[in-house]
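One file, target_9.pdb, carrying PDB, C-alpha atoms:
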ATOM      1  CA  VAL A 749       4.124  29.243   8.316
ATOM      2  CA  HIS A 750       4.789  26.569   5.741
ATOM      3  CA  LEU A 751       4.351  22.994   6.938
ATOM      4  CA  ALA A 752       5.804  20.171   4.873
ATOM      5  CA  ARG A 753       3.471  17.251   4.287
ATOM      6  CA  PRO A 754       4.933  13.781   4.750
ATOM      7  CA  PRO A 755       5.100  11.741   1.555
ATOM      8  CA  MET A 756       1.984   9.774   0.705
ATOM      9  CA  ALA A 757       2.151   5.999   0.209
ATOM     10  CA  TYR A 758       2.483   5.668  -3.545
ATOM     11  CA  VAL A 759       3.598   2.371  -5.041
ATOM     12  CA  GLU A 760       7.123   3.019  -6.284
ATOM     13  CA  SER A 761       7.697  -0.244  -8.152
ATOM     14  CA  VAL A 762       6.243  -3.729  -8.445
ATOM     15  CA  VAL A 763       8.385  -6.859  -8.655
ATOM     16  CA  ARG A 764       7.318  -9.115 -11.515
ATOM     17  CA  GLY A 765       5.743 -12.311 -10.136
ATOM     18  CA  SER A 766       5.251 -10.827  -6.642
ATOM     19  CA  PRO A 767       1.937 -10.803  -4.729
ATOM     20  CA  ALA A 768       1.562  -7.093  -5.621
ATOM     21  CA  ASP A 769       2.005  -7.965  -9.304
ATOM     22  CA  ALA A 770      -0.521 -10.808  -9.035
ATOM     23  CA  ALA A 771      -2.986  -8.418  -7.350
ATOM     24  CA  GLY A 772      -2.612  -5.966 -10.246
ATOM     25  CA  LEU A 773      -0.871  -3.124  -8.429
ATOM     26  CA  LEU A 774       1.058  -0.675 -10.602
ATOM     27  CA  PRO A 775       3.638   2.023  -9.953
ATOM     28  CA  ASP A 776       1.971   5.305  -8.900
ATOM     29  CA  ASP A 777      -1.069   3.598  -7.333
ATOM     30  CA  LEU A 778      -1.858   5.446  -4.083
ATOM     31  CA  VAL A 779      -2.495   3.182  -1.058
ATOM     32  CA  PHE A 780      -5.372   4.385   1.158
ATOM     33  CA  ARG A 781      -6.175   1.474   3.473
ATOM     34  CA  VAL A 782      -4.748  -1.816   4.607
ATOM     35  CA  ASP A 783      -7.374  -3.924   6.343
ATOM     36  CA  ASP A 784      -8.932  -1.532   8.889
ATOM     37  CA  ARG A 785      -6.064   0.992   8.984
ATOM     38  CA  THR A 786      -6.007   4.225   6.995
ATOM     39  CA  ILE A 787      -2.669   4.821   5.282
ATOM     40  CA  ARG A 788      -1.774   8.507   5.114
ATOM     41  CA  THR A 789       2.010   8.345   4.823
ATOM     42  CA  CYS A 790       4.852   6.028   3.881
ATOM     43  CA  ARG A 791       5.512   5.637   7.605
ATOM     44  CA  ASP A 792       1.967   4.258   8.108
ATOM     45  CA  TRP A 793       2.627   1.729   5.340
ATOM     46  CA  ASP A 794       5.971   0.694   6.879
ATOM     47  CA  GLU A 795       4.349   0.235  10.305
ATOM     48  CA  VAL A 796       1.622  -1.991   8.863
ATOM     49  CA  LEU A 797       4.144  -4.173   7.042
ATOM     50  CA  ALA A 798       6.437  -4.396  10.091
ATOM     51  CA  ALA A 799       3.570  -5.944  12.066
ATOM     52  CA  ARG A 800       2.882  -8.615   9.424
ATOM     53  CA  ARG A 801       4.573 -11.864   8.458
ATOM     54  CA  PRO A 802       4.935 -13.820   5.219
ATOM     55  CA  GLY A 803       1.685 -15.613   4.488
ATOM     56  CA  ASP A 804      -0.496 -12.918   6.093
ATOM     57  CA  LYS A 805      -3.441 -11.779   3.989
ATOM     58  CA  LEU A 806      -4.022  -8.079   3.376
ATOM     59  CA  SER A 807      -7.052  -6.228   2.071
ATOM     60  CA  LEU A 808      -5.687  -3.201   0.248
ATOM     61  CA  VAL A 809      -7.657  -0.167  -0.974
ATOM     62  CA  PHE A 810      -5.834   2.023  -3.460
ATOM     63  CA  LYS A 811      -6.492   4.756  -5.980
ATOM     64  CA  ARG A 812      -5.442   4.615  -9.617
ATOM     65  CA  GLY A 813      -6.245   7.798 -11.478
ATOM     66  CA  ASP A 814      -9.820   8.646 -10.483
ATOM     67  CA  THR A 815     -10.760   5.076  -9.542
ATOM     68  CA  MET A 816     -10.688   3.421  -6.117
ATOM     69  CA  LYS A 817      -9.956  -0.315  -6.124
ATOM     70  CA  ARG A 818      -9.774  -3.087  -3.541
ATOM     71  CA  VAL A 819      -7.536  -6.150  -3.795
ATOM     72  CA  GLU A 820      -6.595  -9.025  -1.548
ATOM     73  CA  LEU A 821      -3.027 -10.272  -1.428
ATOM     74  CA  VAL A 822      -0.843 -12.630   0.596
ATOM     75  CA  LEU A 823       2.523 -11.321   1.734
ATOM     76  CA  ALA A 824       5.611 -13.061   0.418
ATOM     77  CA  SER A 825       8.943 -13.296   2.213
ATOM     78  CA  GLY A 826      11.913 -10.994   1.717
ATOM     79  CA  SER A 827      11.794  -7.965  -0.553
ATOM     80  CA  GLU A 828       9.119  -9.281  -2.908
ATOM     81  CA  GLY A 829       6.013  -7.201  -3.390
TER      82      GLY A 829
END
Would you mind writing the file's structure down as structure tokens?
Amino acid sequence: VHLARPPMAYVESVVRGSPADAAGLLPDDLVFRVDDRTIRTCRDWDEVLAARRPGDKLSLVFKRGDTMKRVELVLASGSEG
């Protein structure tokens, strides 16, 4: 039996001047945690963002290459980020 794995939460793009850009996120960074929640799939990421509002602070743990990093960012409104 072959089971398909859901897509992992990779950063697809970063809007110049957005909170993600200011925090140093880059395309292909892999998001592992937001605050106290483990992010395993894109759906996890979407659920976390749906529960937040502009101005909310997030602690984000992500992997770039072989390195794990932690950043803090404040959510902007609209599609920024």
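Selection check: the PyMOL selection byres ((chain A and resi 819) around 9) on the shown file gives Ala771, Gly772, Leu773, Leu806, Ser807, Leu808, Val809, Phe810, Lys817, Arg818, Glu820 and Leu821 of chain A.
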Let's have the selection written as a CSV table (one decimal), in the coordinates of the input, with C-alpha atoms.
chain,number,residue,atom,x,y,z
A,771,ALA,CA,-3.0,-8.4,-7.4
A,772,GLY,CA,-2.6,-6.0,-10.2
A,773,LEU,CA,-0.9,-3.1,-8.4
A,806,LEU,CA,-4.0,-8.1,3.4
A,807,SER,CA,-7.1,-6.2,2.1
A,808,LEU,CA,-5.7,-3.2,0.2
A,809,VAL,CA,-7.7,-0.2,-1.0
A,810,PHE,CA,-5.8,2.0,-3.5
A,817,LYS,CA,-10.0,-0.3,-6.1
A,818,ARG,CA,-9.8,-3.1,-3.5
A,820,GLU,CA,-6.6,-9.0,-1.5
A,821,LEU,CA,-3.0,-10.3,-1.4
Selection under test: the PyMOL selection byres ((chain A and resi 793-800) around 12); residues as a ChimeraX atom specification: /A:755-759,778-792,801-808,822-827,829
Å distance separating atom CA of Asp814 of chain A from atom CA of Arg764 of chain A, one decimal place: 24.7 Å
Who sits within 7 Å of Pro775 of chain A, all atoms listed in the file, same chain under 3 positions skipped, as a PyMOL selection string: chain A and resi 759-762
Incomplete segment 787-801 of chain A brought to N, CA and C atoms, written out as a short mmCIF file (atom, residue, chain, number, x, y, z; two decimals), keeping the file's coordinate frame:
data_model
loop_
_atom_site.label_atom_id
_atom_site.label_comp_id
_atom_site.auth_asym_id
_atom_site.auth_seq_id
_atom_site.Cartn_x
_atom_site.Cartn_y
_atom_site.Cartn_z
N ILE A 787 -4.07 4.55 5.59
CA ILE A 787 -2.67 4.82 5.28
C ILE A 787 -2.57 6.25 4.76
N ARG A 788 -1.92 7.10 5.52
CA ARG A 788 -1.77 8.51 5.11
C ARG A 788 -0.36 8.84 4.65
N THR A 789 0.61 8.06 5.12
CA THR A 789 2.01 8.35 4.82
C THR A 789 2.78 7.04 4.57
N CYS A 790 3.98 7.19 4.06
CA CYS A 790 4.85 6.03 3.88
C CYS A 790 5.16 5.37 5.23
N ARG A 791 5.25 6.18 6.26
CA ARG A 791 5.51 5.64 7.60
C ARG A 791 4.37 4.72 8.05
N ASP A 792 3.11 5.12 7.79
CA ASP A 792 1.97 4.26 8.11
C ASP A 792 2.10 2.91 7.41
N TRP A 793 2.46 2.95 6.14
CA TRP A 793 2.63 1.73 5.34
C TRP A 793 3.72 0.85 5.95
N ASP A 794 4.87 1.45 6.29
CA ASP A 794 5.97 0.69 6.88
C ASP A 794 5.57 0.06 8.20
N GLU A 795 4.79 0.78 9.03
CA GLU A 795 4.35 0.24 10.30
C GLU A 795 3.42 -0.96 10.12
N VAL A 796 2.53 -0.87 9.14
CA VAL A 796 1.62 -1.99 8.86
C VAL A 796 2.42 -3.22 8.44
N LEU A 797 3.36 -3.03 7.53
CA LEU A 797 4.14 -4.17 7.04
C LEU A 797 5.04 -4.76 8.13
N ALA A 798 5.57 -3.92 9.02
CA ALA A 798 6.44 -4.40 10.09
C ALA A 798 5.69 -5.32 11.05
N ALA A 799 4.38 -5.14 11.15
CA ALA A 799 3.57 -5.94 12.07
C ALA A 799 3.06 -7.23 11.42
N ARG A 800 3.38 -7.44 10.15
CA ARG A 800 2.88 -8.62 9.42
C ARG A 800 4.01 -9.59 9.12
N ARG A 801 3.63 -10.80 8.77
CA ARG A 801 4.57 -11.86 8.46
C ARG A 801 4.23 -12.47 7.10
#
